[in-house]
$ cat start-v5.csv   # CSV, C-alpha atoms (C1' of nucleotides)
chain,number,residue,atom,x,y,z
A,1,MET,CA,7.5,20.7,52.3
A,2,SER,CA,6.9,20.7,48.6
A,3,TYR,CA,8.3,23.0,46.0
A,4,LYS,CA,5.1,25.0,46.1
A,5,ASP,CA,5.9,26.2,49.6
A,6,LYS,CA,9.6,26.9,49.2
A,7,LYS,CA,10.3,30.6,49.4
A,8,VAL,CA,12.7,31.2,46.5
A,9,ILE,CA,11.2,33.8,44.2
A,10,THR,CA,12.3,37.4,44.3
A,11,ILE,CA,9.9,40.2,44.1
A,12,GLY,CA,10.6,41.1,40.5
A,13,VAL,CA,9.6,37.7,39.3
A,14,VAL,CA,6.6,37.7,41.6
A,15,SER,CA,5.6,41.0,40.0
A,16,GLU,CA,5.8,39.4,36.6
A,17,LEU,CA,3.9,36.4,37.6
A,18,THR,CA,1.1,38.2,39.4
A,19,GLY,CA,1.0,41.5,37.4
A,20,LEU,CA,1.1,43.4,40.6
A,21,THR,CA,3.6,46.3,41.2
A,22,ASP,CA,6.4,45.8,43.7
A,23,ARG,CA,4.8,48.6,45.7
A,24,LYS,CA,1.5,46.7,46.1
A,25,ILE,CA,3.2,43.5,47.0
A,26,ARG,CA,5.2,45.2,49.7
A,27,TYR,CA,2.1,47.0,51.0
A,28,TYR,CA,0.2,43.8,51.4
A,29,GLU,CA,3.1,42.5,53.5
A,30,GLU,CA,2.9,45.6,55.6
A,31,LYS,CA,-0.8,44.8,56.1
A,32,LYS,CA,0.1,41.2,57.1
A,33,LEU,CA,-1.5,39.5,54.1
A,34,ILE,CA,1.7,37.9,53.0
A,35,PHE,CA,4.9,36.8,54.7
A,36,PRO,CA,8.0,36.5,52.5
A,37,GLU,CA,11.3,35.3,53.8
A,38,ARG,CA,14.5,37.2,53.3
A,39,THR,CA,17.9,36.5,51.8
A,40,ALA,CA,21.0,37.2,53.8
A,41,GLY,CA,21.2,40.6,52.1
A,42,GLY,CA,17.6,41.5,52.9
A,43,SER,CA,15.8,40.7,49.6
A,44,ARG,CA,12.3,39.2,49.9
A,45,LYS,CA,11.7,35.6,48.8
A,46,TYR,CA,8.3,34.2,48.0
A,47,SER,CA,6.8,30.8,47.3
A,48,PHE,CA,4.4,29.7,44.5
A,49,SER,CA,1.8,29.5,47.2
A,50,ASP,CA,2.5,33.1,48.0
A,51,VAL,CA,2.1,33.9,44.3
A,52,GLU,CA,-1.3,32.2,44.3
A,53,LEU,CA,-2.4,34.0,47.4
A,54,LEU,CA,-1.4,37.3,45.9
A,55,MET,CA,-3.6,36.7,42.9
A,56,LYS,CA,-6.5,35.9,45.2
A,57,ILE,CA,-5.8,39.1,47.1
A,58,ALA,CA,-5.6,41.1,43.8
A,59,ASP,CA,-9.1,39.7,43.0
A,60,LYS,CA,-10.5,40.8,46.3
A,61,MET,CA,-8.9,44.2,46.0
A,62,GLU,CA,-10.6,44.7,42.6
A,63,ASP,CA,-13.9,43.9,44.3
A,64,GLY,CA,-13.2,46.8,46.6
A,65,ILE,CA,-12.5,44.7,49.7
A,66,GLN,CA,-10.2,46.4,52.2
A,67,THR,CA,-6.9,44.8,53.3
A,68,ARG,CA,-8.3,44.7,56.9
A,69,GLU,CA,-11.2,42.5,55.8
A,70,ILE,CA,-9.0,40.3,53.6
A,71,ARG,CA,-6.7,39.8,56.5
A,72,GLN,CA,-9.6,38.7,58.7
A,73,GLU,CA,-10.7,36.2,56.1
A,74,LEU,CA,-7.2,34.8,55.8
A,75,VAL,CA,-6.8,34.5,59.6
A,76,LYS,CA,-10.1,32.6,59.7
A,77,GLU,CA,-9.0,30.2,56.9
A,78,GLN,CA,-5.7,29.7,58.8
A,79,ASN,CA,-7.6,28.8,62.0
A,80,ARG,CA,-9.8,26.4,60.2
A,81,ALA,CA,-6.7,24.7,58.7
A,82,THR,CA,-5.0,24.5,62.1
A,83,LYS,CA,-8.1,23.0,63.7
A,84,GLU,CA,-8.3,20.4,61.0
A,85,GLU,CA,-4.8,19.4,61.5
A,86,LEU,CA,-5.3,19.1,65.2
A,87,ARG,CA,-8.3,16.9,64.8
A,88,LYS,CA,-6.2,14.6,62.6
A,89,LYS,CA,-3.4,14.4,65.1
A,90,MET,CA,-5.7,13.6,68.0
A,91,LEU,CA,-7.5,10.9,66.0
A,92,GLN,CA,-4.1,9.4,65.1
A,93,GLY,CA,-3.3,9.5,68.8
A,94,GLN,CA,-6.4,7.6,69.7
A,95,ILE,CA,-5.5,5.0,67.1
A,96,ASN,CA,-2.0,4.6,68.4
A,97,ALA,CA,-3.2,4.3,72.0
A,98,HIS,CA,-5.6,1.5,71.1
A,99,PHE,CA,-3.4,-0.5,68.7
A,100,GLY,CA,0.1,0.5,69.7
A,101,PHE,CA,3.1,0.4,67.4
A,102,ARG,CA,4.3,-2.6,65.5
A,103,LYS,CA,7.5,-3.4,63.8
A,104,PRO,CA,7.1,-4.0,60.1
B,105,MET,CA,3.7,22.8,33.2
B,106,SER,CA,4.1,22.3,36.9
B,107,TYR,CA,5.8,24.6,39.5
B,108,LYS,CA,8.8,22.3,39.3
B,109,ASP,CA,9.6,23.4,35.8
B,110,LYS,CA,8.8,27.1,36.0
B,111,LYS,CA,12.0,29.2,35.7
B,112,VAL,CA,11.7,31.7,38.5
B,113,ILE,CA,14.7,31.3,40.8
B,114,THR,CA,17.6,33.7,40.6
B,115,ILE,CA,21.2,32.5,40.7
B,116,GLY,CA,21.8,33.7,44.2
B,117,VAL,CA,19.0,31.5,45.6
B,118,VAL,CA,20.1,28.6,43.4
B,119,SER,CA,23.5,29.0,44.9
B,120,GLU,CA,22.1,28.7,48.4
B,121,LEU,CA,20.0,25.7,47.5
B,122,THR,CA,22.7,23.8,45.7
B,123,GLY,CA,25.8,24.9,47.6
B,124,LEU,CA,27.5,25.7,44.3
B,125,THR,CA,29.2,29.0,43.6
B,126,ASP,CA,27.7,31.4,41.0
B,127,ARG,CA,30.8,30.8,39.0
B,128,LYS,CA,30.3,27.1,38.7
B,129,ILE,CA,26.6,27.5,37.9
B,130,ARG,CA,27.4,29.8,35.0
B,131,TYR,CA,30.2,27.6,33.8
B,132,TYR,CA,27.9,24.6,33.6
B,133,GLU,CA,25.6,26.8,31.5
B,134,GLU,CA,28.5,27.7,29.2
B,135,LYS,CA,29.1,23.9,28.8
B,136,LYS,CA,25.5,23.4,27.9
B,137,LEU,CA,24.5,21.4,31.0
B,138,ILE,CA,21.9,23.7,32.2
B,139,PHE,CA,19.6,26.2,30.4
B,140,PRO,CA,18.2,29.0,32.5
B,141,GLU,CA,15.8,31.7,31.2
B,142,ARG,CA,16.4,35.4,31.5
B,143,THR,CA,14.6,38.3,33.0
B,144,ALA,CA,14.0,41.4,30.9
B,145,GLY,CA,17.1,42.9,32.5
B,146,GLY,CA,19.2,39.8,31.7
B,147,SER,CA,19.3,38.0,35.1
B,148,ARG,CA,19.2,34.2,34.9
B,149,LYS,CA,16.1,32.3,36.2
B,150,TYR,CA,16.1,28.6,37.1
B,151,SER,CA,13.5,26.0,38.0
B,152,PHE,CA,13.4,23.5,40.8
B,153,SER,CA,14.2,20.9,38.1
B,154,ASP,CA,17.3,22.9,37.3
B,155,VAL,CA,18.3,22.9,40.9
B,156,GLU,CA,17.9,19.1,41.1
B,157,LEU,CA,19.9,18.7,37.9
B,158,LEU,CA,22.6,20.9,39.3
B,159,MET,CA,22.9,18.8,42.3
B,160,LYS,CA,23.3,15.7,40.1
B,161,ILE,CA,25.9,17.5,38.1
B,162,ALA,CA,27.7,18.4,41.3
B,163,ASP,CA,27.8,14.8,42.3
B,164,LYS,CA,29.3,13.7,39.0
B,165,MET,CA,31.9,16.5,39.1
B,166,GLU,CA,32.9,15.3,42.5
B,167,ASP,CA,33.4,11.9,40.9
B,168,GLY,CA,35.9,13.5,38.5
B,169,ILE,CA,33.6,13.2,35.4
B,170,GLN,CA,34.2,16.0,32.9
B,171,THR,CA,31.5,18.3,31.8
B,172,ARG,CA,31.8,16.9,28.2
B,173,GLU,CA,30.9,13.5,29.4
B,174,ILE,CA,28.1,14.7,31.6
B,175,ARG,CA,26.7,16.6,28.7
B,176,GLN,CA,26.7,13.4,26.6
B,177,GLU,CA,24.8,11.5,29.3
B,178,LEU,CA,22.3,14.3,29.5
B,179,VAL,CA,21.7,14.3,25.8
B,180,LYS,CA,21.2,10.6,25.8
B,181,GLU,CA,18.7,10.8,28.6
B,182,GLN,CA,16.9,13.6,26.8
B,183,ASN,CA,16.7,11.4,23.6
B,184,ARG,CA,15.4,8.5,25.6
B,185,ALA,CA,12.6,10.7,27.0
B,186,THR,CA,11.8,12.2,23.6
B,187,LYS,CA,11.5,8.7,22.1
B,188,GLU,CA,9.3,7.5,24.9
B,189,GLU,CA,7.0,10.4,24.4
B,190,LEU,CA,6.8,9.8,20.7
B,191,ARG,CA,5.9,6.1,21.2
B,192,LYS,CA,3.1,7.1,23.5
B,193,LYS,CA,1.7,9.6,20.9
B,194,MET,CA,1.9,7.0,18.1
B,195,LEU,CA,0.1,4.4,20.2
B,196,GLN,CA,-2.6,6.9,21.0
B,197,GLY,CA,-2.8,7.6,17.3
B,198,GLN,CA,-3.4,3.9,16.6
B,199,ILE,CA,-6.1,3.7,19.2
B,200,ASN,CA,-7.9,6.8,17.8
B,201,ALA,CA,-7.6,5.4,14.3
B,202,HIS,CA,-9.2,2.1,15.3
B,203,PHE,CA,-11.9,3.3,17.7
B,204,GLY,CA,-12.5,6.9,16.6
B,205,PHE,CA,-13.7,9.6,18.9
B,206,ARG,CA,-16.8,9.5,21.0
B,207,LYS,CA,-18.9,12.1,22.7
B,208,PRO,CA,-19.1,11.5,26.5
C,209,DC,C1',-6.8,53.7,52.5
C,210,DG,C1',-4.2,52.2,48.6
C,211,DT,C1',-0.7,53.3,45.5
C,212,DG,C1',2.6,56.1,42.6
C,213,DT,C1',7.0,58.2,42.7
C,214,DA,C1',11.7,60.3,43.4
C,215,DA,C1',15.8,59.6,46.5
C,216,DG,C1',19.8,57.4,48.0
C,217,DG,C1',22.0,53.4,49.2
C,218,DA,C1',23.0,48.6,49.4
C,219,DA,C1',22.8,44.0,47.5
C,220,DT,C1',22.6,41.3,43.2
C,221,DT,C1',23.9,40.0,38.8
C,222,DC,C1',26.3,40.3,34.3
C,223,DT,C1',30.3,39.9,31.2
C,224,DG,C1',35.0,39.4,29.7
C,225,DA,C1',39.5,38.6,31.4
C,226,DC,C1',43.5,37.0,33.9
C,227,DA,C1',45.4,33.4,36.9
C,228,DC,C1',46.5,28.8,38.2
C,229,DG,C1',47.2,24.2,37.5
D,230,DC,C1',39.7,21.8,32.2
D,231,DG,C1',37.4,23.8,36.1
D,232,DT,C1',37.2,27.5,39.1
D,233,DG,C1',38.6,31.7,41.9
D,234,DT,C1',38.9,36.5,41.6
D,235,DA,C1',39.1,41.7,40.8
D,236,DA,C1',36.8,45.1,37.6
D,237,DG,C1',33.3,48.0,36.0
D,238,DG,C1',28.8,48.5,35.0
D,239,DA,C1',23.9,47.7,34.9
D,240,DA,C1',19.7,45.8,36.9
D,241,DT,C1',17.4,44.8,41.3
D,242,DT,C1',15.8,45.6,45.7
D,243,DC,C1',15.3,48.1,50.1
D,244,DT,C1',13.5,51.8,53.2
D,245,DG,C1',11.3,56.0,54.6
D,246,DA,C1',8.9,59.8,52.9
D,247,DC,C1',5.9,62.9,50.3
D,248,DA,C1',1.8,63.2,47.4
D,249,DC,C1',-3.0,62.4,46.2
D,250,DG,C1',-7.5,61.4,47.1
$ encode --input "start-v5.csv" --output "structure tokens"
Amino acid sequence: MSYKDKKVITIGVVSELTGLTDRKIRYYEEKKLIFPERTAGGSRKYSFSDVELLMKIADKMEDGIQTREIRQELVKEQNRATKEELRKKMLQGQINAHFGFRKP
Amino acid sequence: MSYKDKKVITIGVVSELTGLTDRKIRYYEEKKLIFPERTAGGSRKYSFSDVELLMKIADKMEDGIQTREIRQELVKEQNRATKEELRKKMLQGQINAHFGFRKP
DNA sequence: CGTGTAAGGAATTCTGACACG
DNA sequence: CGTGTAAGGAATTCTGACACG
């Protein structure tokens, strides 16, 4: 996993980076749009990917789209990505079945 | 600037990532080995690059190298990098002087 | 529905200092 | 020199709730 996906940024910094209030950021979590991790003490930790996603969410909110709809879009995207990954794995499986493994 | 160099990680998370105590991390700053930014409220913010550097520092400390020496090494590295960059810029300047600029 | 806010508490971070070796 | 620690204070974050629209 790259730095982009490591959850290390606290909500205050995320707020600075995105321009969103803490309240909004927590609300979008409540609505299942974003999924931070937690420190031992319970503080939220976000990744740069999360920050990017929050900015996309902010754009859609400005367009008057409801969190419910945004959530559905995100789930669809996620499903597409998952399928894509599966396809790749199955293809690799075919390749391995036909050619087997070799020592370098 | 890439995500790797954005200063966004608070000291607690850096501590988790590096295994170093807060005390050590702050001490290495005092000794000019590391240069975090600050939030408006005064909390330190580090980048992933800083985290990597701290791990290198930790290794050298384990080898019994003093902060003074580590600092000198870091300054040398920095100088090397700066010179490298300068060379590139001057070369590009030569190229531009000889061939001029063109519209695509 | 989306967001601001005051409330009270807990976790986080900061600095300067003393201790030890 | 490098690091732990107790001290006191300030900044940060958390949750649940009330308010408004």
$ closest_residue --input "start-v5.csv" --among "A:Asp59, A:Asp22, A:Glu52, A:Glu16" --to "chain C" --atoms "all atoms listed in the file"
A:Asp22
$ interface_residues --input "start-v5.csv" --of "chain B" --to "chain D" --cutoff "12 Å" --atoms "only C-alpha atoms (C1' of nucleotides)" --output "PyMOL selection string"
chain B and resi 114+124-132+134-135+143-148+165-166+168-172
$ interface_residues --input "start-v5.csv" --of "chain A" --to "chain B" --cutoff "12 Å" --atoms "only C-alpha atoms" --output "PyMOL selection string"
chain A and resi 2-17+37-41+43-49+51-52
$ write_last_selection --input "start-v5.csv" --atoms "C-alpha atoms" --output "mmCIF file, in the coordinates of the input"
data_model
loop_
_atom_site.group_PDB
_atom_site.id
_atom_site.type_symbol
_atom_site.label_atom_id
_atom_site.label_comp_id
_atom_site.auth_asym_id
_atom_site.auth_seq_id
_atom_site.Cartn_x
_atom_site.Cartn_y
_atom_site.Cartn_z
ATOM 1 C CA SER A 2 6.900 20.700 48.600
ATOM 2 C CA TYR A 3 8.300 23.000 46.000
ATOM 3 C CA LYS A 4 5.100 25.000 46.100
ATOM 4 C CA ASP A 5 5.900 26.200 49.600
ATOM 5 C CA LYS A 6 9.600 26.900 49.200
ATOM 6 C CA LYS A 7 10.300 30.600 49.400
ATOM 7 C CA VAL A 8 12.700 31.200 46.500
ATOM 8 C CA ILE A 9 11.200 33.800 44.200
ATOM 9 C CA THR A 10 12.300 37.400 44.300
ATOM 10 C CA ILE A 11 9.900 40.200 44.100
ATOM 11 C CA GLY A 12 10.600 41.100 40.500
ATOM 12 C CA VAL A 13 9.600 37.700 39.300
ATOM 13 C CA VAL A 14 6.600 37.700 41.600
ATOM 14 C CA SER A 15 5.600 41.000 40.000
ATOM 15 C CA GLU A 16 5.800 39.400 36.600
ATOM 16 C CA LEU A 17 3.900 36.400 37.600
ATOM 17 C CA GLU A 37 11.300 35.300 53.800
ATOM 18 C CA ARG A 38 14.500 37.200 53.300
ATOM 19 C CA THR A 39 17.900 36.500 51.800
ATOM 20 C CA ALA A 40 21.000 37.200 53.800
ATOM 21 C CA GLY A 41 21.200 40.600 52.100
ATOM 22 C CA SER A 43 15.800 40.700 49.600
ATOM 23 C CA ARG A 44 12.300 39.200 49.900
ATOM 24 C CA LYS A 45 11.700 35.600 48.800
ATOM 25 C CA TYR A 46 8.300 34.200 48.000
ATOM 26 C CA SER A 47 6.800 30.800 47.300
ATOM 27 C CA PHE A 48 4.400 29.700 44.500
ATOM 28 C CA SER A 49 1.800 29.500 47.200
ATOM 29 C CA VAL A 51 2.100 33.900 44.300
ATOM 30 C CA GLU A 52 -1.300 32.200 44.300
#
$ atom_distance --input "start-v5.csv" --atom1 "CA of Glu29 (chain A)" --atom2 "CA of Ala58 (chain A)"
13.1 Å
$ atom_distance --input "start-v5.csv" --atom1 "CA of Glu85 (chain A)" --atom2 "CA of Glu73 (chain A)"
18.6 Å
$ atom_distance --input "start-v5.csv" --atom1 "CA of Leu158 (chain B)" --atom2 "CA of Leu178 (chain B)"
11.8 Å
$ axis_aligned_box --input "start-v5.csv" --around "region 125-134 of chain B" --padding-each-side "8 Å" --output "JSON"
{"center_x": 28.2, "center_y": 28.0, "center_z": 36.4, "size_x": 21.2, "size_y": 22.8, "size_z": 30.4}
$ residues_around --input "start-v5.csv" --residues "Ile70 (chain A)" --least-positions-apart "5" --cutoff "10 Å" --atoms "all atoms listed in the file" --output "number ranges by chain"
A: 31-33, 56-57, 60-61, 65, 75-76
$ build_atoms --input "start-v5.csv" --residues "region 125-136 of chain B" --atoms "all heavy atoms" --output "compact mmCIF listing (two decimals), keeping the file's coordinate frame"
# COMPACT_ATOMS: atom_id res chain seq x y z
N THR B 125 28.93 27.59 43.78
CA THR B 125 29.20 29.00 43.60
C THR B 125 28.51 29.49 42.30
O THR B 125 28.22 28.69 41.41
CB THR B 125 30.70 29.28 43.46
OG1 THR B 125 31.21 28.57 42.32
CG2 THR B 125 31.44 28.84 44.70
N ASP B 126 28.29 30.79 42.21
CA ASP B 126 27.70 31.40 41.00
C ASP B 126 28.58 31.00 39.81
O ASP B 126 28.09 30.68 38.73
CB ASP B 126 27.62 32.88 41.11
CG ASP B 126 26.73 33.34 42.25
OD1 ASP B 126 26.41 32.52 43.13
OD2 ASP B 126 26.37 34.53 42.26
N ARG B 127 29.85 31.10 40.02
CA ARG B 127 30.80 30.80 39.00
C ARG B 127 30.60 29.44 38.36
O ARG B 127 30.57 29.28 37.14
CB ARG B 127 32.23 30.92 39.54
CG ARG B 127 33.34 30.63 38.55
CD ARG B 127 33.38 31.70 37.49
NE ARG B 127 34.60 31.64 36.70
CZ ARG B 127 34.67 31.07 35.50
NH1 ARG B 127 33.60 30.56 34.96
NH2 ARG B 127 35.82 31.08 34.84
N LYS B 128 30.47 28.45 39.22
CA LYS B 128 30.30 27.10 38.70
C LYS B 128 28.95 26.97 37.97
O LYS B 128 28.89 26.38 36.89
CB LYS B 128 30.23 26.11 39.92
CG LYS B 128 31.60 25.86 40.51
CD LYS B 128 31.52 24.86 41.66
CE LYS B 128 32.90 24.57 42.24
NZ LYS B 128 32.83 23.63 43.39
N ILE B 129 27.92 27.55 38.52
CA ILE B 129 26.60 27.50 37.90
C ILE B 129 26.64 28.07 36.48
O ILE B 129 26.11 27.51 35.52
CB ILE B 129 25.54 28.17 38.76
CG1 ILE B 129 25.42 27.47 40.12
CG2 ILE B 129 24.21 28.21 38.05
CD1 ILE B 129 24.58 28.20 41.14
N ARG B 130 27.32 29.21 36.37
CA ARG B 130 27.40 29.80 35.00
C ARG B 130 28.29 29.03 34.11
O ARG B 130 28.03 28.96 32.91
CB ARG B 130 27.99 31.26 35.19
CG ARG B 130 27.09 32.21 35.93
CD ARG B 130 27.40 33.67 35.65
NE ARG B 130 26.73 34.54 36.60
CZ ARG B 130 27.28 35.03 37.69
NH1 ARG B 130 28.56 34.74 37.98
NH2 ARG B 130 26.60 35.81 38.50
N TYR B 131 29.30 28.42 34.65
CA TYR B 131 30.20 27.60 33.80
C TYR B 131 29.46 26.40 33.27
O TYR B 131 29.64 26.04 32.10
CB TYR B 131 31.39 27.16 34.68
CG TYR B 131 32.40 26.34 33.92
CD1 TYR B 131 33.18 26.91 32.92
CD2 TYR B 131 32.56 24.98 34.19
CE1 TYR B 131 34.10 26.16 32.21
CE2 TYR B 131 33.48 24.22 33.49
CZ TYR B 131 34.25 24.81 32.50
OH TYR B 131 35.16 24.06 31.80
N TYR B 132 28.62 25.79 34.07
CA TYR B 132 27.90 24.60 33.60
C TYR B 132 26.89 25.02 32.50
O TYR B 132 26.55 24.21 31.64
CB TYR B 132 27.16 23.93 34.76
CG TYR B 132 28.11 23.44 35.83
CD1 TYR B 132 27.72 23.34 37.16
CD2 TYR B 132 29.42 23.09 35.51
CE1 TYR B 132 28.61 22.91 38.13
CE2 TYR B 132 30.31 22.66 36.48
CZ TYR B 132 29.91 22.57 37.79
OH TYR B 132 30.78 22.15 38.75
N GLU B 133 26.48 26.27 32.56
CA GLU B 133 25.60 26.80 31.50
C GLU B 133 26.46 26.91 30.20
O GLU B 133 26.03 26.50 29.12
CB GLU B 133 25.02 28.11 31.86
CG GLU B 133 24.15 28.72 30.77
CD GLU B 133 23.62 30.09 31.16
OE1 GLU B 133 23.87 30.53 32.30
OE2 GLU B 133 22.96 30.72 30.31
N GLU B 134 27.61 27.47 30.37
CA GLU B 134 28.50 27.70 29.20
C GLU B 134 28.80 26.32 28.56
O GLU B 134 28.93 26.24 27.33
CB GLU B 134 29.82 28.27 29.76
CG GLU B 134 30.78 28.78 28.70
CD GLU B 134 32.09 29.26 29.34
OE1 GLU B 134 32.01 29.94 30.39
OE2 GLU B 134 33.17 28.94 28.81
N LYS B 135 28.86 25.27 29.36
CA LYS B 135 29.10 23.90 28.80
C LYS B 135 27.86 23.19 28.46
O LYS B 135 27.89 21.95 28.27
CB LYS B 135 29.90 23.13 29.91
CG LYS B 135 31.31 23.65 30.14
CD LYS B 135 32.09 23.68 28.84
CE LYS B 135 33.45 24.30 29.02
NZ LYS B 135 34.15 24.43 27.72
N LYS B 136 26.75 23.91 28.38
CA LYS B 136 25.50 23.40 27.90
C LYS B 136 24.90 22.24 28.78
O LYS B 136 24.29 21.29 28.29
CB LYS B 136 25.63 22.80 26.48
CG LYS B 136 26.44 23.68 25.56
CD LYS B 136 25.56 24.59 24.75
CE LYS B 136 26.38 25.27 23.65
NZ LYS B 136 25.61 26.34 23.03
